[in-house]
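**Student:** Sharing a structure, written as structure tokens. Questions coming.
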Amino acid sequence: MLASKEMMKFKSYQNRANLFVKEYLLADPLIPYTSIIGGIFACKMVYDLTQLFSAVHFKSYSSLTRIQRIEWNNRAMSTIHAIFITTMSLYLVFCSKLYSDSQSSELITFRSSSLSTFALGVSAGYFIADLGMIFWFFPSLGGYEYVIHHLLSLVAVAFSMLSGEGQLYTYMVLISETTTPGINLRWYLDAAGMKRSKAYLINGVVIFIAWLVARILLFIYMFYHVYLHFDQIEQMHTFGQDNEIQVNGKDVREQKQLKVFGSLVDPNLTDENVKFEPKLAAIPNTSLTRFYIGSNHNHMKTSDVYASGVHNAHKP
């Protein structure tokens with residue numbers, strides 16, 4: 001009996017993983033995957049251009065060891081990515097209307113745009129390229145702490161990009177990349193023998209201020225924002241966890257014995273704008289149904305809900 005339950009649970013997780021691949025990874029590949037590839041090629045271009053430029057304009061570059069020159073070029077990739085993603089993050093979080101509470105009734109945790117998805121794709125491309133270099137020259141460009149940091153960052157950025165969920169908070173965290181150019185400049189000055197220079201001192205002060213604002217004060221603001229919008233955050237998809245929902249103020253178990261595998265149901269929806277599409281059952285005597293709310297039925301959006309439960313799939 002226990003083995004049967006474990007098998008049912010395994011099949012349920014397997015079906016959900018397949019569903020994620022189909023509806024997220026393969027739903028709309030143009031922007032996500034082209035931006036990832038573009039990010040990787042951009043890293044290669046920056047690396048090569050840095051190598052050419054530094055060899056001509058920096059006398060200290062030729063005196064560096066091979067690994068130091070590689071790290072010099074690698075840090076240029078890191079700096080350009082930091083400038084790009086910090087600029088995009090500041091614009092999307094504080095200047096754009098995308099995540100404004102007054103601009104849309106849609107939950108902020110489910111809002112995304114082509115621009116926000118593209119920027120995350122470029123960032124994911126950078127993490128892939130940099131992670132590849134870390135592995136190739138391991139441990140010269142960083143130890144296991146860098147590997148863990150990049151893997152976690154890549155998973156978080158890629159999931160937010162592909163699912164469209166939690167992009168606001170992903171960008172808030174990415175603003176912390178503000179400190180990266182200063183940290184890299186500190187390494188450049190040290191490698192060039194300018195550790196006792198005035199520029200090195202000023203750069204240290206700038207790093208301190210940037211760290212205070214971007215990695216302490218901003219995170220306090222982010223946690224406060226999470227607290228204010230925690231009811232919306234609870235609606236986000238949690239892989240492998242079922243949540244009960246209500247439709248028209250009634251527990252759906254009273255109507256179809258359903259449990260949600262997704263995120264959002266508009267409590268004001270009516271029967272006229274809800275459609276049901278039966279899916280393959282993950283557990284015997286159950287079915288998997290997709291709720292379409294509104295008129296956009298092409299891809300998994302903020303108003304899509306995946307549900308599974310014991311009910312008659314042939315009788316809506």
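The chains in the structure tokens are called A, B, ... from first to last as shown; in each chain the residues are counted from 1, and the ligands are counted from 1 in the order shown.
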Assign secondary structure with DSSP using the backbone only, and return the residues of stretch 22-255 of chain A in alpha helix (DSSP H) as a PyMOL selection string.
**Tutor:** chain A and resi 30-57+66-90+114-136+144-163+167-174+180-191+198-212+218-228+230-233
**Student:** So that I can check the surroundings of A:Arg69, please list as a ChimeraX atom specification every protein, DNA and RNA residue that reaches within 10 Å of it, counting only C-alpha atoms and ignoring chain neighbours fewer than 5 positions away.
**Tutor:** /A:50-51,54-55,61-64,74-75,191
**Student:** Which residues come within 9 Å of A:Ser160, counting only C-alpha atoms, excluding same-chain residues fewer than 4 positions away, as a count of residues only?
**Tutor:** 9
**Student:** As number ranges by chain, which residues of stretch 20-250 of chain A does DSSP assign to strand (DSSP E or B)?
**Tutor:** A: 243, 246-247, 250
**Student:** So, counting only C-alpha atoms, which residue among A:Ala119, A:Ile209, A:Met7, A:Leu185 is closest to A:Thr87?
**Tutor:**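 Checking each candidate against A:Thr87, we get A:Ala119 as the closest.
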**Student:** Hey, which of A:Phe110, A:Phe58, A:Phe219, A:Phe118 ends up closest to A:Leu174? Count only C-alpha atoms.
**Tutor:**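 Nearest candidate to A:Leu174 out of A:Phe110, A:Phe58, A:Phe219, A:Phe118: A:Phe219.
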**Student:** Given the choices A:Ala158, A:Val93, A:Ile134, A:Val205, which gets closest to A:Val173 if the distance is worked out from only C-alpha atoms?
**Tutor:**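 Checking each of A:Ala158, A:Val93, A:Ile134, A:Val205 against A:Val173, counting only C-alpha atoms, the winner is A:Val93.
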**Student:** I'd like the neighbourhood of A:Asp101 as an MDAnalysis selection string, where a residue qualifies if any of its atoms comes within 12 Å (using only C-alpha atoms), though same-chain residues fewer than 3 positions away should be ignored.
**Tutor:** chainID A and resid 93:94 96:98 104:109 111 168 225 228:229 232
**Student:** Given the selection you just returned, output its residues as a file containing all heavy atoms, formatted as a compact mmCIF listing (two decimals), in the first residue's frame.
**Tutor:**
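This went into part.txt:
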# COMPACT_ATOMS: atom_id res chain seq x y z
N VAL A 93 11.89 48.40 -12.08
CA VAL A 93 11.36 48.44 -10.71
C VAL A 93 10.84 49.81 -10.34
O VAL A 93 9.75 49.95 -9.76
CB VAL A 93 12.43 47.98 -9.71
CG1 VAL A 93 11.94 48.17 -8.27
CG2 VAL A 93 12.78 46.51 -9.94
N PHE A 94 11.59 50.87 -10.67
CA PHE A 94 11.25 52.20 -10.17
C PHE A 94 10.71 53.17 -11.23
O PHE A 94 10.03 54.13 -10.87
CB PHE A 94 12.49 52.82 -9.51
CG PHE A 94 12.98 52.07 -8.30
CD1 PHE A 94 14.18 51.39 -8.34
CD2 PHE A 94 12.22 52.03 -7.14
CE1 PHE A 94 14.64 50.69 -7.24
CE2 PHE A 94 12.67 51.33 -6.03
CZ PHE A 94 13.88 50.66 -6.07
N SER A 96 9.45 52.12 -14.67
CA SER A 96 8.41 51.54 -15.50
C SER A 96 7.10 51.42 -14.72
O SER A 96 7.09 51.33 -13.49
CB SER A 96 8.85 50.15 -15.99
OG SER A 96 7.78 49.48 -16.62
N LYS A 97 6.00 51.40 -15.46
CA LYS A 97 4.68 51.24 -14.84
C LYS A 97 4.30 49.77 -14.70
O LYS A 97 3.22 49.45 -14.20
CB LYS A 97 3.61 51.94 -15.70
CG LYS A 97 3.84 53.43 -15.90
CD LYS A 97 3.70 54.20 -14.60
CE LYS A 97 3.82 55.71 -14.85
NZ LYS A 97 3.69 56.49 -13.59
N LEU A 98 5.19 48.89 -15.13
CA LEU A 98 4.86 47.46 -15.17
C LEU A 98 4.47 46.92 -13.81
O LEU A 98 3.53 46.13 -13.69
CB LEU A 98 6.06 46.68 -15.72
CG LEU A 98 5.89 45.16 -15.84
CD1 LEU A 98 4.76 44.80 -16.79
CD2 LEU A 98 7.21 44.52 -16.31
N SER A 104 -2.52 48.30 -12.78
CA SER A 104 -3.15 47.06 -13.24
C SER A 104 -3.74 46.31 -12.05
O SER A 104 -3.24 46.39 -10.93
CB SER A 104 -2.13 46.18 -13.96
OG SER A 104 -2.70 44.92 -14.28
N SER A 105 -4.83 45.59 -12.32
CA SER A 105 -5.45 44.76 -11.29
C SER A 105 -4.77 43.40 -11.20
O SER A 105 -5.03 42.62 -10.29
CB SER A 105 -6.94 44.56 -11.59
OG SER A 105 -7.11 43.95 -12.86
N GLU A 106 -3.87 43.13 -12.15
CA GLU A 106 -3.16 41.86 -12.17
C GLU A 106 -2.16 41.81 -11.01
O GLU A 106 -1.55 42.82 -10.64
CB GLU A 106 -2.42 41.72 -13.50
CG GLU A 106 -1.72 40.38 -13.66
CD GLU A 106 -1.02 40.30 -15.02
OE1 GLU A 106 -0.76 41.36 -15.61
OE2 GLU A 106 -0.75 39.18 -15.45
N LEU A 107 -2.00 40.65 -10.42
CA LEU A 107 -1.06 40.50 -9.32
C LEU A 107 0.35 40.84 -9.78
O LEU A 107 0.78 40.42 -10.84
CB LEU A 107 -1.09 39.06 -8.79
CG LEU A 107 -2.43 38.53 -8.26
CD1 LEU A 107 -2.23 37.18 -7.61
CD2 LEU A 107 -3.06 39.50 -7.27
N ILE A 108 1.08 41.59 -8.95
CA ILE A 108 2.42 42.02 -9.35
C ILE A 108 3.37 40.84 -9.47
O ILE A 108 4.36 40.92 -10.20
CB ILE A 108 2.99 43.05 -8.35
CG1 ILE A 108 3.08 42.45 -6.95
CG2 ILE A 108 2.19 44.33 -8.35
CD1 ILE A 108 3.88 43.30 -5.99
N THR A 109 3.08 39.78 -8.78
CA THR A 109 3.96 38.61 -8.83
C THR A 109 3.84 37.85 -10.13
O THR A 109 4.63 36.94 -10.40
CB THR A 109 3.65 37.67 -7.66
OG1 THR A 109 2.24 37.45 -7.60
CG2 THR A 109 4.14 38.25 -6.35
N ARG A 111 3.30 39.66 -13.19
CA ARG A 111 3.47 40.61 -14.29
C ARG A 111 4.83 40.43 -14.97
O ARG A 111 5.85 40.26 -14.31
CB ARG A 111 3.34 42.04 -13.77
CG ARG A 111 1.98 42.36 -13.20
CD ARG A 111 1.90 43.82 -12.80
NE ARG A 111 0.80 44.05 -11.87
CZ ARG A 111 0.57 45.21 -11.27
NH1 ARG A 111 1.36 46.25 -11.52
NH2 ARG A 111 -0.45 45.35 -10.44
N LEU A 168 9.43 40.91 -10.47
CA LEU A 168 9.69 42.14 -9.73
C LEU A 168 10.76 41.91 -8.67
O LEU A 168 11.73 42.68 -8.57
CB LEU A 168 8.40 42.63 -9.06
CG LEU A 168 8.57 43.77 -8.03
CD1 LEU A 168 9.16 45.01 -8.70
CD2 LEU A 168 7.24 44.10 -7.37
N HIS A 225 8.28 45.38 1.07
CA HIS A 225 7.38 45.23 -0.08
C HIS A 225 6.77 43.82 -0.10
O HIS A 225 5.59 43.65 -0.39
CB HIS A 225 8.16 45.48 -1.37
CG HIS A 225 7.30 45.70 -2.57
ND1 HIS A 225 6.70 44.66 -3.27
CD2 HIS A 225 6.94 46.85 -3.22
CE1 HIS A 225 6.01 45.16 -4.28
NE2 HIS A 225 6.14 46.47 -4.28
N LEU A 228 4.00 43.71 2.45
CA LEU A 228 2.77 44.39 2.01
C LEU A 228 2.02 43.58 0.96
O LEU A 228 0.80 43.69 0.85
CB LEU A 228 3.11 45.77 1.45
CG LEU A 228 3.64 46.82 2.43
CD1 LEU A 228 3.95 48.12 1.70
CD2 LEU A 228 2.65 47.06 3.56
N HIS A 229 2.72 42.78 0.19
CA HIS A 229 2.10 42.03 -0.91
C HIS A 229 2.17 40.53 -0.68
O HIS A 229 2.15 39.75 -1.63
CB HIS A 229 2.79 42.38 -2.24
CG HIS A 229 2.69 43.82 -2.61
ND1 HIS A 229 3.54 44.78 -2.13
CD2 HIS A 229 1.81 44.48 -3.43
CE1 HIS A 229 3.22 45.96 -2.62
NE2 HIS A 229 2.19 45.81 -3.42
N GLN A 232 -0.35 38.26 -2.33
CA GLN A 232 -0.12 37.98 -3.75
C GLN A 232 1.02 36.98 -3.94
O GLN A 232 0.97 36.14 -4.84
CB GLN A 232 0.21 39.28 -4.49
CG GLN A 232 -0.91 40.32 -4.42
CD GLN A 232 -0.62 41.53 -5.27
OE1 GLN A 232 -0.03 41.43 -6.34
NE2 GLN A 232 -1.04 42.71 -4.79
**Student:** Could you please determine the separation between atom CA of A:Met161 and atom CA of A:Met236 in Å, to one decimal place?
**Tutor:**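 Here the two named atoms are 14.1 Å from each other.
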**Student:** Go ahead and compute the interatomic distance for atom CA of A:Ser100 and atom CA of A:Ile85, in Å to one decimal.
**Tutor:**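 Atom CA of A:Ser100 sits 19.8 Å away from atom CA of A:Ile85.
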**Student:** Which of these, A:Thr34, A:Ser113, A:Ser176, A:Ser123, has the shortest distance to A:Leu154 once you count only C-alpha atoms?
**Tutor:**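 Between A:Thr34, A:Ser113, A:Ser176, A:Ser123, the residue approaching A:Leu154 most closely is A:Ser123.
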